[in-house]
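Asks: What follows is a single structure, and I will ask about it in a moment.
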Amino acid sequence: MKRLLAIALLLSTLTGCEPPPRAGSVASSDTLGAEKFNTADEVSPNEEYVMVTTAINLPLFVNHDQAAFLEWGKKMGVRTTILGPSEWDVPAQIATIEQVIPSRPAGLLINGTDPGIAQAINKAVEAGIPTVVYDSEISNSKRHSFIGSNWYEMGRLQGERMAQLIGGKGKVAVMGILGMENMEAGFKGFQDAIAKYPNIEFLGKYDDKANVETAAKIAADIIAANPDLAGMGGFDSNSGPGMALAVKEAGKVGKIKLTTVDAEPEHLQLVKEGVIDYLVGQKRELFTYLGAQMLFDMRHKTVQLSANDSRAGVVPIPSTVTTGSVEIDKNNVDIFLLSPQ
């Protein structure tokens, strides 16, 4: 018996036979069509990825979106360029996109500021440039992917928290940039949430044009016209600070409840002071970093879903990615005021 076992082991060694895979095990990469995963494509240091936004100097964009994009480029060993007008100027953003297209960058990461940029996005896609829209969806465009927050959900969260803060009754208003697809979705989420409370009166939505002074003036006017105002919700990065300024000047801190988006240092400090009651922050670094990576993967055909994805009309990256949000109030604001470990 021992001799037969030795012969069997010797034959197995000589013939290179392998035992059959265990039940439930995964087959080796050789049997899984590994050719669909491209890991050998070299990266050129001159490979350029371009971010196009508007209000390019806005701290919210500089400290989060742009910082993450530049860090991604450094890690990947590629060129990253950030372009756009200094002010909130959608026509100038459109002109910037159209000026970039002839240079055929490896990928375009475009801030979805306004539905009017759809035509420029379509030109980039038709030119064969991988194009990802981030922050706000441009649903009437041919973008390859959208990555960002679910603004309806952010509005719903604000509405639900507002209802809790004011005890389900009173007058409320919201402000942001009217006409932007993401903010209109946010307004809708807010309104749908408070609609469940018959004793809450919705005064309307107001356009603060993402300007602190404008937001403060609108808030002051609303307070003057409604001495019994219960609360206000904000939907751009300057809404919260503007509303807070008006509430402070009216001497109604704590009496008028404030909720808003974003979690910049100023927003966090206002929560710490008890002026703003609730923040819904976005994962901006996450969606710009991942958006850039999707451009890279598309450009380098990292995952191939057919023999020729382009000819097959297949886009080998997700069509839509929502990255979620972060809720902040007095109970956890100190964690966000600290620097990341």
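In the structure tokens, each chain is lettered A, B, ... as it comes, each chain's residues begin at 1, and ligands are numbered from 1 in order of appearance.
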What lies within 10 Å of range 248-254 of chain A using only C-alpha atoms, ignoring chain neighbours under 5 positions off, as a list of chain:residue names?
Replies: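 Residues meeting the cut-off are A:Ala216, A:Ala220, A:Ile223, A:Ala224, A:Pro227, A:Leu229, A:Ala230, A:Gly231, A:Met243, A:Glu273, A:Gly274, A:Val275, A:Ile276, A:Asp277.
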Asks: Select from range 72-124 of chain A everything DSSP, run on the backbone, classes as strand (DSSP E or B), then give the selection as number ranges by chain.
Replies: A: 79-83, 107-111
Asks: For those residues, write N, CA and C atoms to a file as a short mmCIF file (atom, residue, chain, number, x, y, z; two decimals), in the first residue's frame.
Replies:
data_model
loop_
_atom_site.label_atom_id
_atom_site.label_comp_id
_atom_site.auth_asym_id
_atom_site.auth_seq_id
_atom_site.Cartn_x
_atom_site.Cartn_y
_atom_site.Cartn_z
N ARG A 79 -0.78 65.00 -15.02
CA ARG A 79 -0.99 66.44 -14.91
C ARG A 79 -2.46 66.73 -14.58
N THR A 80 -2.67 67.65 -13.67
CA THR A 80 -4.02 68.10 -13.35
C THR A 80 -4.09 69.60 -13.51
N THR A 81 -5.10 70.05 -14.24
CA THR A 81 -5.27 71.48 -14.50
C THR A 81 -6.68 71.89 -14.08
N ILE A 82 -6.78 73.04 -13.42
CA ILE A 82 -8.07 73.54 -12.96
C ILE A 82 -8.35 74.87 -13.67
N LEU A 83 -9.47 74.93 -14.37
CA LEU A 83 -9.79 76.11 -15.17
C LEU A 83 -11.20 76.60 -14.87
N GLY A 107 -9.07 63.52 -19.86
CA GLY A 107 -10.38 63.47 -19.24
C GLY A 107 -10.82 64.83 -18.76
N LEU A 108 -12.13 65.03 -18.70
CA LEU A 108 -12.71 66.30 -18.24
C LEU A 108 -13.60 66.04 -17.03
N LEU A 109 -13.33 66.74 -15.94
CA LEU A 109 -14.14 66.67 -14.73
C LEU A 109 -14.84 68.03 -14.61
N ILE A 110 -16.16 68.03 -14.83
CA ILE A 110 -16.90 69.29 -14.97
C ILE A 110 -17.90 69.48 -13.84
N ASN A 111 -17.81 70.63 -13.19
CA ASN A 111 -18.77 70.98 -12.14
C ASN A 111 -20.11 71.30 -12.78
#
Asks: Counting only C-alpha atoms, which of A:Asp329, A:Asp192, A:Glu153, A:Asp89 gets nearest to Ala55 in chain A?
Replies: A:Asp89
Asks: Find the residues around Ser145 in chain A up to 10 Å (only C-alpha atoms counted), leave out those fewer than 4 positions away in its own chain, and share them as a list in words.
Replies: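 Result of the neighbour search: Leu109, Pro130, Thr131, Val132, Val133, Tyr134, Glu137, Ile138, Gly291, Met294, Leu295, Val315, Pro316, Ile317, Pro318, Ser319, Thr320 and Val321 of chain A.
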Asks: If we count only C-alpha atoms, what is near Val78 in chain A at a cut-off of 9 Å, once residues fewer than 5 positions away on the same chain are taken out, given as a list in words?
Replies: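 The residues that qualify are Val43, Ser44, Pro45, Asn46, Glu47, Glu48, Tyr49, Trp72 and Gly73 of chain A.
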Asks: Just all heavy atoms for this one: save the residues we selected as a short mmCIF file (atom, residue, chain, number, x, y, z; two decimals), in the first residue's frame.
Replies:
data_model
loop_
_atom_site.label_atom_id
_atom_site.label_comp_id
_atom_site.auth_asym_id
_atom_site.auth_seq_id
_atom_site.Cartn_x
_atom_site.Cartn_y
_atom_site.Cartn_z
N VAL A 43 1.39 55.07 -17.81
CA VAL A 43 0.88 56.43 -17.64
C VAL A 43 1.95 57.41 -18.06
O VAL A 43 3.09 57.36 -17.60
CB VAL A 43 0.49 56.68 -16.17
CG1 VAL A 43 -0.01 58.11 -15.98
CG2 VAL A 43 -0.56 55.68 -15.72
N SER A 44 1.58 58.33 -18.93
CA SER A 44 2.51 59.36 -19.37
C SER A 44 2.45 60.54 -18.40
O SER A 44 1.37 60.96 -18.00
CB SER A 44 2.15 59.85 -20.77
OG SER A 44 2.83 61.05 -21.07
N PRO A 45 3.60 61.10 -18.02
CA PRO A 45 3.58 62.26 -17.12
C PRO A 45 2.94 63.48 -17.78
O PRO A 45 2.59 64.44 -17.09
CB PRO A 45 5.07 62.50 -16.82
CG PRO A 45 5.80 61.85 -17.95
CD PRO A 45 4.98 60.67 -18.34
N ASN A 46 2.79 63.45 -19.10
CA ASN A 46 2.15 64.55 -19.81
C ASN A 46 0.64 64.33 -19.99
O ASN A 46 -0.03 65.16 -20.59
CB ASN A 46 2.79 64.73 -21.19
CG ASN A 46 4.23 65.19 -21.08
OD1 ASN A 46 4.57 66.02 -20.24
ND2 ASN A 46 5.10 64.64 -21.92
N GLU A 47 0.15 63.24 -19.47
CA GLU A 47 -1.28 62.95 -19.54
C GLU A 47 -2.02 63.96 -18.67
O GLU A 47 -1.75 64.08 -17.47
CB GLU A 47 -1.49 61.52 -19.02
CG GLU A 47 -2.86 60.95 -19.23
CD GLU A 47 -2.84 59.47 -18.90
OE1 GLU A 47 -1.99 58.74 -19.45
OE2 GLU A 47 -3.67 59.04 -18.08
N GLU A 48 -2.95 64.69 -19.29
CA GLU A 48 -3.58 65.81 -18.59
C GLU A 48 -5.07 65.58 -18.35
O GLU A 48 -5.83 65.25 -19.25
CB GLU A 48 -3.41 67.11 -19.39
CG GLU A 48 -3.98 68.32 -18.68
CD GLU A 48 -3.83 69.60 -19.50
OE1 GLU A 48 -3.82 69.50 -20.74
OE2 GLU A 48 -3.73 70.68 -18.90
N TYR A 49 -5.48 65.80 -17.10
CA TYR A 49 -6.88 65.75 -16.71
C TYR A 49 -7.28 67.16 -16.27
O TYR A 49 -6.56 67.80 -15.49
CB TYR A 49 -7.09 64.73 -15.59
CG TYR A 49 -6.82 63.32 -16.05
CD1 TYR A 49 -5.52 62.82 -16.12
CD2 TYR A 49 -7.86 62.51 -16.48
CE1 TYR A 49 -5.26 61.54 -16.58
CE2 TYR A 49 -7.62 61.21 -16.94
CZ TYR A 49 -6.32 60.74 -16.99
OH TYR A 49 -6.06 59.47 -17.47
N TRP A 72 -5.03 63.72 -6.10
CA TRP A 72 -5.21 62.54 -6.95
C TRP A 72 -4.19 62.54 -8.08
O TRP A 72 -3.55 61.51 -8.36
CB TRP A 72 -6.63 62.51 -7.52
CG TRP A 72 -6.81 61.44 -8.55
CD1 TRP A 72 -7.12 60.13 -8.33
CD2 TRP A 72 -6.66 61.59 -9.98
NE1 TRP A 72 -7.17 59.45 -9.53
CE2 TRP A 72 -6.90 60.31 -10.55
CE3 TRP A 72 -6.37 62.66 -10.81
CZ2 TRP A 72 -6.83 60.10 -11.92
CZ3 TRP A 72 -6.30 62.45 -12.19
CH2 TRP A 72 -6.54 61.17 -12.73
N GLY A 73 -4.01 63.68 -8.73
CA GLY A 73 -3.06 63.77 -9.84
C GLY A 73 -1.64 63.46 -9.41
O GLY A 73 -0.89 62.78 -10.12
#
Asks: Skip Ala67 in chain A itself and residues of its chain fewer than 6 positions away, then list as a list in words all residues within 10 Å of it, counting only C-alpha atoms.
Replies: Phe61, Glu285, Thr288 and Tyr289 of chain A
Asks: Measuring between only C-alpha atoms, which one of A:Thr259, A:Asn150, A:Thr214, A:Thr113 shows the shortest distance to Asn238 in chain A?
Replies: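 Among A:Thr259, A:Asn150, A:Thr214, A:Thr113, it is A:Thr214 that comes nearest to Asn238 in chain A.
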Asks: As a VMD selection string, list the residues of range 49-285 of chain A assigned to helix (DSSP H, G or I) by DSSP on the backbone atoms of this structure.
Replies: chain A and resid 59 to 76 90 to 103 115 to 126 151 to 165 181 to 194 212 to 225 239 to 249 265 to 272 284 to 285
Asks: With only C-alpha atoms as the counted atoms, please give the residues lying no more than 7 Å from Phe235 in chain A, apart from itself and same-chain residues fewer than 3 positions off, as a ChimeraX atom specification.
Replies: /A:175-176,183,239,260-261
Asks: Could you state the separation of CA of Asn57 in chain A and CA of Ala292 in chain A in Å, given to one decimal place?
Replies: 19.9 Å
Asks: Considering only C-alpha atoms, state which residue in the set A:Asp228, A:Asp207, A:Asp309, A:Glu71 is at the smallest distance from Gly179 in chain A.
Replies: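 Of all the options, A:Asp207 lies closest to Gly179 in chain A.
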Asks: For CA of His267 in chain A and CA of Arg284 in chain A, quote the distance in Å rounded to one decimal.
Replies: 15.4 Å
Asks: At what distance in Å, to one decimal, does CA of Lys205 in chain A lie from CA of Gln158 in chain A?
Replies: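 We find that CA of Gln158 in chain A and CA of Lys205 in chain A lie 14.0 Å from each other.
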Asks: Considering only C-alpha atoms, return as a list of chain:residue names whatever protein or nucleic-acid residues lie within 9 Å of Arg156 in chain A, sequence-local ones (same chain, fewer than 5 positions apart) excluded.
Replies: A:Trp151, A:Arg161, A:Gly186, A:Phe187, A:Lys188, A:Gly189, A:Phe190, A:Gln191, A:Asp192, A:Ala193, A:Ile194
Asks: Quick one: of A:Pro59, A:Gly148, A:Pro85, A:Gly313, who's nearest to Ser136 in chain A, counting only C-alpha atoms?
Replies: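 Ranked by minimum distance to Ser136 in chain A, first place goes to A:Gly148.
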